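J.: As input, take upload_1.pdb (PDB, C-alpha atoms):
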ATOM      1  CA  GLU A 445       7.507   7.390 -13.848
ATOM      2  CA  ILE A 446       9.509   7.700 -10.639
ATOM      3  CA  VAL A 447      11.239   4.529  -9.444
ATOM      4  CA  LEU A 448      12.014   3.984  -5.760
ATOM      5  CA  ALA A 449      15.073   1.886  -4.848
ATOM      6  CA  GLN A 450      15.321   0.666  -1.268
ATOM      7  CA  SER A 451      18.546  -0.426   0.374
ATOM      8  CA  PRO A 452      19.726  -2.667   1.740
ATOM      9  CA  GLY A 453      17.584  -5.511   0.494
ATOM     10  CA  THR A 454      18.050  -7.303   3.804
ATOM     11  CA  LEU A 455      19.291  -5.841   7.077
ATOM     12  CA  SER A 456      20.386  -8.159   9.888
ATOM     13  CA  LEU A 457      20.455  -6.546  13.317
ATOM     14  CA  SER A 458      19.887  -7.426  16.960
ATOM     15  CA  PRO A 459      17.213  -6.098  19.303
ATOM     16  CA  GLY A 460      18.335  -2.840  20.846
ATOM     17  CA  GLU A 461      20.375  -1.800  17.817
ATOM     18  CA  ARG A 462      19.610   1.129  15.519
ATOM     19  CA  ALA A 463      18.226   0.460  12.036
ATOM     20  CA  THR A 464      18.653   2.817   9.086
ATOM     21  CA  LEU A 465      16.676   2.038   5.939
ATOM     22  CA  SER A 466      17.159   3.993   2.713
ATOM     23  CA  CYS A 467      14.749   4.885  -0.076
ATOM     24  CA  ARG A 468      16.189   6.593  -3.146
ATOM     25  CA  ALA A 469      13.998   8.066  -5.891
ATOM     26  CA  SER A 470      14.943   8.280  -9.570
ATOM     27  CA  GLN A 471      13.643  11.881  -9.621
ATOM     28  CA  SER A 472      12.922  14.445  -6.952
ATOM     29  CA  VAL A 473       9.884  13.647  -4.810
ATOM     30  CA  SER A 474       7.876  16.159  -2.822
ATOM     31  CA  SER A 475       8.396  15.474   0.865
ATOM     32  CA  THR A 476       4.614  15.643   1.244
ATOM     33  CA  TYR A 477       4.286  12.552  -0.929
ATOM     34  CA  LEU A 478       6.663  10.074   0.763
ATOM     35  CA  ALA A 479       5.336   7.400   3.125
ATOM     36  CA  TRP A 480       6.642   4.260   4.859
ATOM     37  CA  TYR A 481       4.834   0.997   5.705
ATOM     38  CA  GLN A 482       5.638  -2.057   7.785
ATOM     39  CA  GLN A 483       4.453  -5.529   6.770
ATOM     40  CA  LYS A 484       4.700  -8.701   8.819
ATOM     41  CA  PRO A 485       4.206 -12.182   7.310
ATOM     42  CA  GLY A 486       0.578 -12.938   6.537
ATOM     43  CA  GLN A 487      -0.550  -9.438   7.448
ATOM     44  CA  ALA A 488      -1.590  -6.337   5.565
ATOM     45  CA  PRO A 489       0.838  -3.421   5.441
ATOM     46  CA  ARG A 490       0.611  -0.862   8.245
ATOM     47  CA  LEU A 491       1.214   2.833   7.759
ATOM     48  CA  LEU A 492       4.186   4.071   9.801
ATOM     49  CA  ILE A 493       5.202   7.462   8.425
ATOM     50  CA  TYR A 494       3.627   9.930   5.995
ATOM     51  CA  GLY A 495       4.789  13.274   4.663
ATOM     52  CA  THR A 496       8.373  11.998   5.051
ATOM     53  CA  SER A 497       8.493  12.485   8.837
ATOM     54  CA  THR A 498       5.028  12.405  10.463
ATOM     55  CA  ARG A 499       4.289   9.295  12.471
ATOM     56  CA  ALA A 500       0.892   7.704  11.927
ATOM     57  CA  THR A 501      -1.489   7.264  14.831
ATOM     58  CA  GLY A 502      -0.180   4.823  17.419
ATOM     59  CA  ILE A 503       3.313   4.478  15.960
ATOM     60  CA  PRO A 504       6.021   4.513  18.663
ATOM     61  CA  ASP A 505       8.498   7.376  18.668
ATOM     62  CA  ARG A 506      11.420   5.023  18.072
ATOM     63  CA  PHE A 507      10.316   5.227  14.403
ATOM     64  CA  SER A 508      11.377   8.376  12.579
ATOM     65  CA  GLY A 509      11.532   9.498   8.977
ATOM     66  CA  SER A 510      13.690  12.085   7.261
ATOM     67  CA  GLY A 511      14.972  13.188   3.895
ATOM     68  CA  SER A 512      14.235  15.349   0.894
ATOM     69  CA  GLY A 513      14.611  15.429  -2.855
ATOM     70  CA  THR A 514      15.662  11.949  -3.894
ATOM     71  CA  ASP A 515      16.962  10.508  -0.607
ATOM     72  CA  PHE A 516      14.738   9.434   2.254
ATOM     73  CA  THR A 517      15.453   7.449   5.409
ATOM     74  CA  LEU A 518      13.452   5.455   7.945
ATOM     75  CA  THR A 519      15.238   5.106  11.273
ATOM     76  CA  ILE A 520      14.297   2.785  14.115
ATOM     77  CA  SER A 521      16.262   3.996  17.111
ATOM     78  CA  ARG A 522      16.221   0.859  19.269
ATOM     79  CA  LEU A 523      14.894  -2.292  17.711
ATOM     80  CA  GLU A 524      12.193  -4.209  19.539
ATOM     81  CA  PRO A 525      11.459  -7.872  18.680
ATOM     82  CA  GLU A 526       8.193  -6.851  17.001
ATOM     83  CA  ASP A 527      10.004  -4.514  14.585
ATOM     84  CA  PHE A 528      11.465  -7.326  12.494
ATOM     85  CA  ALA A 529       9.439  -7.172   9.306
ATOM     86  CA  VAL A 530       9.538  -5.872   5.727
ATOM     87  CA  TYR A 531       9.463  -2.113   5.196
ATOM     88  CA  TYR A 532       8.269  -0.321   2.070
ATOM     89  CA  CYS A 533       8.556   3.296   1.009
ATOM     90  CA  GLN A 534       5.876   4.781  -1.272
ATOM     91  CA  GLN A 535       5.555   7.955  -3.293
ATOM     92  CA  PHE A 536       2.756   9.659  -5.205
ATOM     93  CA  GLY A 537       2.956  11.108  -8.685
ATOM     94  CA  THR A 538       0.440  13.553 -10.093
ATOM     95  CA  SER A 539       0.699  13.349 -13.852
ATOM     96  CA  PRO A 540      -0.575  10.781 -14.380
ATOM     97  CA  ARG A 541      -1.894   9.879 -10.957
ATOM     98  CA  VAL A 542       0.224   6.932  -9.794
ATOM     99  CA  TYR A 543       1.441   5.484  -6.512
ATOM    100  CA  THR A 544       4.822   3.754  -6.517
ATOM    101  CA  PHE A 545       6.354   1.461  -3.910
ATOM    102  CA  GLY A 546       9.958   0.559  -3.348
ATOM    103  CA  GLN A 547      10.860  -3.125  -3.533
ATOM    104  CA  GLY A 548      11.128  -3.390   0.240
ATOM    105  CA  THR A 549      13.793  -3.918   2.893
ATOM    106  CA  LYS A 550      13.604  -7.026   5.030
ATOM    107  CA  LEU A 551      14.715  -6.367   8.596
ATOM    108  CA  GLU A 552      15.716  -9.672  10.165
ATOM    109  CA  ILE A 553      17.022 -10.737  13.548
ATOM    110  CA  LYS A 554      20.756 -11.322  13.589
TER     111      LYS A 554
ATOM    112  CA  GLU B 475     -12.786   1.216  14.663
ATOM    113  CA  VAL B 476     -12.018   1.487  10.964
ATOM    114  CA  GLN B 477     -12.342  -1.836   9.185
ATOM    115  CA  LEU B 478     -12.046  -2.912   5.559
ATOM    116  CA  GLU B 479     -13.017  -6.417   4.513
ATOM    117  CA  GLU B 480     -12.389  -7.857   1.069
ATOM    118  CA  SER B 481     -14.230 -10.777  -0.499
ATOM    119  CA  GLY B 482     -14.595 -12.460  -3.859
ATOM    120  CA  GLY B 483     -11.146 -13.931  -4.317
ATOM    121  CA  GLY B 484     -10.544 -17.399  -5.687
ATOM    122  CA  LEU B 485      -9.160 -19.542  -8.482
ATOM    123  CA  VAL B 486      -9.884 -18.510 -12.057
ATOM    124  CA  GLN B 487      -8.590 -19.684 -15.420
ATOM    125  CA  PRO B 488      -6.497 -17.427 -17.648
ATOM    126  CA  GLY B 489      -8.791 -15.190 -19.658
ATOM    127  CA  GLY B 490     -11.490 -15.405 -17.024
ATOM    128  CA  SER B 491     -13.153 -12.774 -14.857
ATOM    129  CA  LEU B 492     -13.571 -12.131 -11.160
ATOM    130  CA  ARG B 493     -15.132  -9.364  -9.079
ATOM    131  CA  LEU B 494     -13.662  -8.319  -5.759
ATOM    132  CA  SER B 495     -15.639  -6.451  -3.123
ATOM    133  CA  CYS B 496     -14.536  -4.455  -0.105
ATOM    134  CA  ILE B 497     -16.867  -3.305   2.649
ATOM    135  CA  GLY B 498     -15.842  -0.438   4.889
ATOM    136  CA  SER B 499     -17.090   0.142   8.422
ATOM    137  CA  GLY B 500     -16.271   2.379  11.364
ATOM    138  CA  PHE B 501     -15.997   5.488   9.204
ATOM    139  CA  THR B 502     -18.072   7.491   6.715
ATOM    140  CA  PHE B 503     -17.188   5.521   3.589
ATOM    141  CA  SER B 504     -18.528   8.121   1.172
ATOM    142  CA  ASP B 505     -16.095  10.734   2.503
ATOM    143  CA  TYR B 506     -12.941   8.853   1.501
ATOM    144  CA  GLU B 507     -11.106   8.109  -1.702
ATOM    145  CA  MET B 508     -10.252   4.448  -2.065
ATOM    146  CA  ASN B 509      -7.662   2.279  -3.758
ATOM    147  CA  TRP B 510      -6.773  -1.290  -4.634
ATOM    148  CA  VAL B 511      -3.200  -2.484  -4.044
ATOM    149  CA  ARG B 512      -1.929  -5.973  -4.847
ATOM    150  CA  GLN B 513       0.957  -8.189  -3.832
ATOM    151  CA  ALA B 514       2.088 -11.181  -5.867
ATOM    152  CA  PRO B 515       3.277 -14.183  -3.822
ATOM    153  CA  GLY B 516       6.632 -13.388  -2.244
ATOM    154  CA  LYS B 517       6.813 -10.028  -3.998
ATOM    155  CA  GLY B 518       6.376  -6.354  -3.136
ATOM    156  CA  LEU B 519       3.389  -4.038  -3.232
ATOM    157  CA  GLU B 520       1.882  -2.741  -6.468
ATOM    158  CA  TRP B 521      -0.799  -0.050  -6.656
ATOM    159  CA  VAL B 522      -3.662  -1.075  -8.952
ATOM    160  CA  SER B 523      -6.426   1.531  -9.010
ATOM    161  CA  PHE B 524      -7.896   4.679  -7.390
ATOM    162  CA  ILE B 525     -11.389   6.143  -7.199
ATOM    163  CA  THR B 526     -12.608   9.467  -5.825
ATOM    164  CA  THR B 527     -15.377   9.760  -3.255
ATOM    165  CA  SER B 528     -18.279   9.742  -5.702
ATOM    166  CA  GLY B 529     -16.437   8.064  -8.547
ATOM    167  CA  PRO B 530     -15.969  10.720 -11.230
ATOM    168  CA  THR B 531     -12.181  10.394 -11.209
ATOM    169  CA  ILE B 532     -10.544   7.006 -11.632
ATOM    170  CA  SER B 533      -6.944   5.966 -12.244
ATOM    171  CA  TYR B 534      -5.313   2.651 -13.123
ATOM    172  CA  ALA B 535      -1.846   1.197 -13.228
ATOM    173  CA  ASP B 536      -0.629   0.545 -16.760
ATOM    174  CA  SER B 537      -0.534  -3.188 -16.012
ATOM    175  CA  VAL B 538      -4.314  -3.407 -15.563
ATOM    176  CA  ARG B 539      -5.721  -0.513 -17.603
ATOM    177  CA  GLY B 540      -8.339  -1.724 -20.077
ATOM    178  CA  ARG B 541      -8.887  -5.005 -18.187
ATOM    179  CA  PHE B 542      -9.846  -3.931 -14.660
ATOM    180  CA  THR B 543     -12.663  -1.589 -13.605
ATOM    181  CA  ILE B 544     -12.936   0.053 -10.208
ATOM    182  CA  SER B 545     -16.293   1.240  -8.875
ATOM    183  CA  ARG B 546     -18.034   1.996  -5.605
ATOM    184  CA  ASP B 547     -21.498   2.041  -4.063
ATOM    185  CA  ASN B 548     -21.499   4.510  -1.185
ATOM    186  CA  ALA B 549     -25.002   3.448  -0.117
ATOM    187  CA  ARG B 550     -23.582  -0.011   0.539
ATOM    188  CA  ASN B 551     -20.209   1.226   1.895
ATOM    189  CA  SER B 552     -18.637  -0.890  -0.804
ATOM    190  CA  LEU B 553     -15.712  -0.760  -3.207
ATOM    191  CA  TYR B 554     -15.398  -3.108  -6.170
ATOM    192  CA  LEU B 555     -12.781  -4.312  -8.634
ATOM    193  CA  GLN B 556     -14.032  -6.046 -11.764
ATOM    194  CA  MET B 557     -11.157  -8.009 -13.248
ATOM    195  CA  ASN B 558     -11.449  -9.281 -16.828
ATOM    196  CA  SER B 559      -9.025 -11.024 -19.192
ATOM    197  CA  LEU B 560      -7.064 -12.281 -16.213
ATOM    198  CA  ARG B 561      -3.485 -13.418 -16.667
ATOM    199  CA  ALA B 562      -1.163 -15.569 -14.583
ATOM    200  CA  GLU B 563       0.729 -12.428 -13.586
ATOM    201  CA  ASP B 564      -2.435 -11.048 -11.955
ATOM    202  CA  THR B 565      -2.115 -13.740  -9.270
ATOM    203  CA  ALA B 566      -1.813 -11.814  -6.012
ATOM    204  CA  VAL B 567      -3.387 -10.822  -2.745
ATOM    205  CA  TYR B 568      -5.570  -7.803  -3.457
ATOM    206  CA  TYR B 569      -5.960  -5.228  -0.701
ATOM    207  CA  CYS B 570      -8.432  -2.389  -0.536
ATOM    208  CA  ALA B 571      -6.876   0.647   1.089
ATOM    209  CA  ARG B 572      -8.289   3.924   2.326
ATOM    210  CA  GLU B 573      -6.709   7.227   1.384
ATOM    211  CA  PRO B 574      -6.982   9.896   4.090
ATOM    212  CA  HIS B 575      -8.287  13.401   3.492
ATOM    213  CA  SER B 576      -4.885  14.902   4.148
ATOM    214  CA  GLY B 577      -2.620  12.994   1.830
ATOM    215  CA  VAL B 578      -1.842  10.550  -0.897
ATOM    216  CA  TYR B 579      -0.959   7.439   1.041
ATOM    217  CA  PHE B 580      -2.897   4.549   2.574
ATOM    218  CA  ASP B 581      -3.889   4.810   6.209
ATOM    219  CA  TYR B 582      -6.041   1.684   6.552
ATOM    220  CA  TRP B 583      -5.865  -1.626   4.709
ATOM    221  CA  GLY B 584      -8.072  -4.667   4.526
ATOM    222  CA  GLN B 585      -6.700  -8.133   5.186
ATOM    223  CA  GLY B 586      -6.654  -8.967   1.504
ATOM    224  CA  ALA B 587      -8.287 -11.363  -0.954
ATOM    225  CA  LEU B 588      -6.211 -13.953  -2.810
ATOM    226  CA  VAL B 589      -6.744 -14.206  -6.544
ATOM    227  CA  THR B 590      -5.090 -17.145  -8.308
ATOM    228  CA  VAL B 591      -5.063 -17.256 -12.096
ATOM    229  CA  SER B 592      -4.172 -20.740 -13.252
ATOM    230  CA  SER B 593      -5.395 -23.486 -15.529
TER     231      SER B 593
END
Would you kindly transcribe this structure into structure tokens?
T.:
Amino acid sequence: EIVLAQSPGTLSLSPGERATLSCRASQSVSSTYLAWYQQKPGQAPRLLIYGTSTRATGIPDRFSGSGSGTDFTLTISRLEPEDFAVYYCQQFGTSPRVYTFGQGTKLEIK
Amino acid sequence: EVQLEESGGGLVQPGGSLRLSCIGSGFTFSDYEMNWVRQAPGKGLEWVSFITTSGPTISYADSVRGRFTISRDNARNSLYLQMNSLRAEDTAVYYCAREPHSGVYFDYWGQGALVTVSS
């Protein structure tokens, strides 16, 4: 089973700064099968990015995803106050069918 | 507007059973594969189970296989999770999540149902 390791565990930045969040897989992942979610306290996760780099409906273009193989990145170009949250990457495995999440990166206001 | 609403959570003793429900609205429920995802208090997300549109194909996480059963009733726009032999480590918020036609991720989530397993 593929394990996803997210880094850093916590990222402290100020509004207006650029955020770079990493997701590293223990084995190669198809770029089609890598997604990112945002979760705020007390809320359900929200889909941000799927297929490594495609923004979900309504997601601002300051969010972008990239990567391939075992290394994937979520970038937030200029942080807005509402962006401070926990971010999870997720991949899909076919045999057996399984969905795996990273442990999350908490993006906090510095 | 797509909406998913879970119900059926609560407090149950170890070894007990509970059935969660999720009603979908704002979309053609029968056209979408569905999942359950859970989140223990203060922890990350864990996928639990998957079901195809009409239910012939089902998958479970190793942690729940043999204890949990996923099902759906498309006539009622409903998804279910029957949880038996519950353990303290099953304590979590359980989310139902829709899987889009185009991929293997979760595009809409319910607000979650809290299940607490404790004596």
J.: Which residues, written as a list in words, have at least one atom at most 12 Å from Thr538 (chain A), with only C-alpha atoms counted and residues fewer than 5 positions away on the same chain left out?
T.: Glu445, Ile446, Val473, Ser474, Tyr477, Tyr543 and Thr544 of chain A; Ser533 and Val578 of chain B
J.: Can you list what the PyMOL selection byres ((chain A) within 10 of (chain B)) grabs from this structure, as a PDB file with C-alpha atoms, keeping the file's coordinate frame?
T.:
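The new file expr.pdb reads:
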ATOM      1  CA  THR A 476       4.614  15.643   1.244  1.00  0.00           C
ATOM      2  CA  TYR A 477       4.286  12.552  -0.929  1.00  0.00           C
ATOM      3  CA  LEU A 478       6.663  10.074   0.763  1.00  0.00           C
ATOM      4  CA  ALA A 479       5.336   7.400   3.125  1.00  0.00           C
ATOM      5  CA  TRP A 480       6.642   4.260   4.859  1.00  0.00           C
ATOM      6  CA  TYR A 481       4.834   0.997   5.705  1.00  0.00           C
ATOM      7  CA  PRO A 485       4.206 -12.182   7.310  1.00  0.00           C
ATOM      8  CA  GLY A 486       0.578 -12.938   6.537  1.00  0.00           C
ATOM      9  CA  GLN A 487      -0.550  -9.438   7.448  1.00  0.00           C
ATOM     10  CA  ALA A 488      -1.590  -6.337   5.565  1.00  0.00           C
ATOM     11  CA  PRO A 489       0.838  -3.421   5.441  1.00  0.00           C
ATOM     12  CA  ARG A 490       0.611  -0.862   8.245  1.00  0.00           C
ATOM     13  CA  LEU A 491       1.214   2.833   7.759  1.00  0.00           C
ATOM     14  CA  LEU A 492       4.186   4.071   9.801  1.00  0.00           C
ATOM     15  CA  ILE A 493       5.202   7.462   8.425  1.00  0.00           C
ATOM     16  CA  TYR A 494       3.627   9.930   5.995  1.00  0.00           C
ATOM     17  CA  GLY A 495       4.789  13.274   4.663  1.00  0.00           C
ATOM     18  CA  ALA A 500       0.892   7.704  11.927  1.00  0.00           C
ATOM     19  CA  THR A 501      -1.489   7.264  14.831  1.00  0.00           C
ATOM     20  CA  VAL A 530       9.538  -5.872   5.727  1.00  0.00           C
ATOM     21  CA  TYR A 531       9.463  -2.113   5.196  1.00  0.00           C
ATOM     22  CA  TYR A 532       8.269  -0.321   2.070  1.00  0.00           C
ATOM     23  CA  CYS A 533       8.556   3.296   1.009  1.00  0.00           C
ATOM     24  CA  GLN A 534       5.876   4.781  -1.272  1.00  0.00           C
ATOM     25  CA  GLN A 535       5.555   7.955  -3.293  1.00  0.00           C
ATOM     26  CA  PHE A 536       2.756   9.659  -5.205  1.00  0.00           C
ATOM     27  CA  GLY A 537       2.956  11.108  -8.685  1.00  0.00           C
ATOM     28  CA  THR A 538       0.440  13.553 -10.093  1.00  0.00           C
ATOM     29  CA  PRO A 540      -0.575  10.781 -14.380  1.00  0.00           C
ATOM     30  CA  ARG A 541      -1.894   9.879 -10.957  1.00  0.00           C
ATOM     31  CA  VAL A 542       0.224   6.932  -9.794  1.00  0.00           C
ATOM     32  CA  TYR A 543       1.441   5.484  -6.512  1.00  0.00           C
ATOM     33  CA  THR A 544       4.822   3.754  -6.517  1.00  0.00           C
ATOM     34  CA  PHE A 545       6.354   1.461  -3.910  1.00  0.00           C
ATOM     35  CA  GLY A 546       9.958   0.559  -3.348  1.00  0.00           C
ATOM     36  CA  GLN A 547      10.860  -3.125  -3.533  1.00  0.00           C
ATOM     37  CA  GLY A 548      11.128  -3.390   0.240  1.00  0.00           C
ATOM     38  CA  THR A 549      13.793  -3.918   2.893  1.00  0.00           C
TER      39      THR A 549
END
J.: So what does the PyMOL selection byres ((chain A and resi 465-468) around 8) actually pick up in this one, as a list in words?
T.: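 Taken on the displayed file, the PyMOL selection byres ((chain A and resi 465-468) around 8) yields the residues Leu448, Ala449, Gln450, Ser451, Pro452, Ala463, Thr464, Ala469, Ser470, Thr514, Asp515, Phe516, Thr517, Leu518, Thr519, Cys533, Gly546 and Thr549 of chain A.
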J.: So what do you get for CA of Gly511 (chain A) versus CA of Val447 (chain A), distance-wise?
T.: 16.3 Å
J.: Can you list what the PyMOL selection byres ((chain B and resi 496) around 6) grabs from this structure, as a PyMOL selection string?
T.: chain B and resi 479-480+495+497+552-553
J.: Take CA of Arg550 (chain B) and CA of Ser504 (chain B) and report the distance between them in Å, one decimal.
T.: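 Rounded to one decimal, the two atoms are 9.6 Å apart.
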J.: Between CA of Leu457 (chain A) and CA of Lys550 (chain A), measure the distance and give it in Å to one decimal.
T.: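 It comes out at 10.8 Å.
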J.: Given all atoms listed in the file as the basis, pick out the residue of B:Val591, B:Ser528, B:Arg512, B:Gly489 nearest to Asn551 (chain B).
T.: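 Closest candidate: B:Ser528.
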J.: Neighbouring residues of Asp505 (chain A) were defined as those with any atom within 9 Å, considering all atoms listed in the file; residues of the same chain fewer than 3 positions away were excluded. Please report them as a ChimeraX atom specification.
T.: /A:499,508,520-521
J.: Starting from 3 Å padding per side, set up an axis-aligned box that covers all listed atoms of region 474-490 of chain A and hand over centre and edge lengths in Å, one decimal, as lines of an AutoDock Vina configuration file.
T.:
center_x = 3.4
center_y = 1.6
center_z = 3.0
size_x = 16.0
size_y = 35.1
size_z = 17.6
J.: List the residues sitting within 8 Å of (-6.7, -14.7, -16.8) in the file's frame, using all atoms listed in the file, as an MDAnalysis selection string.
T.: chainID B and resid 486:491 558:562 564 591:592
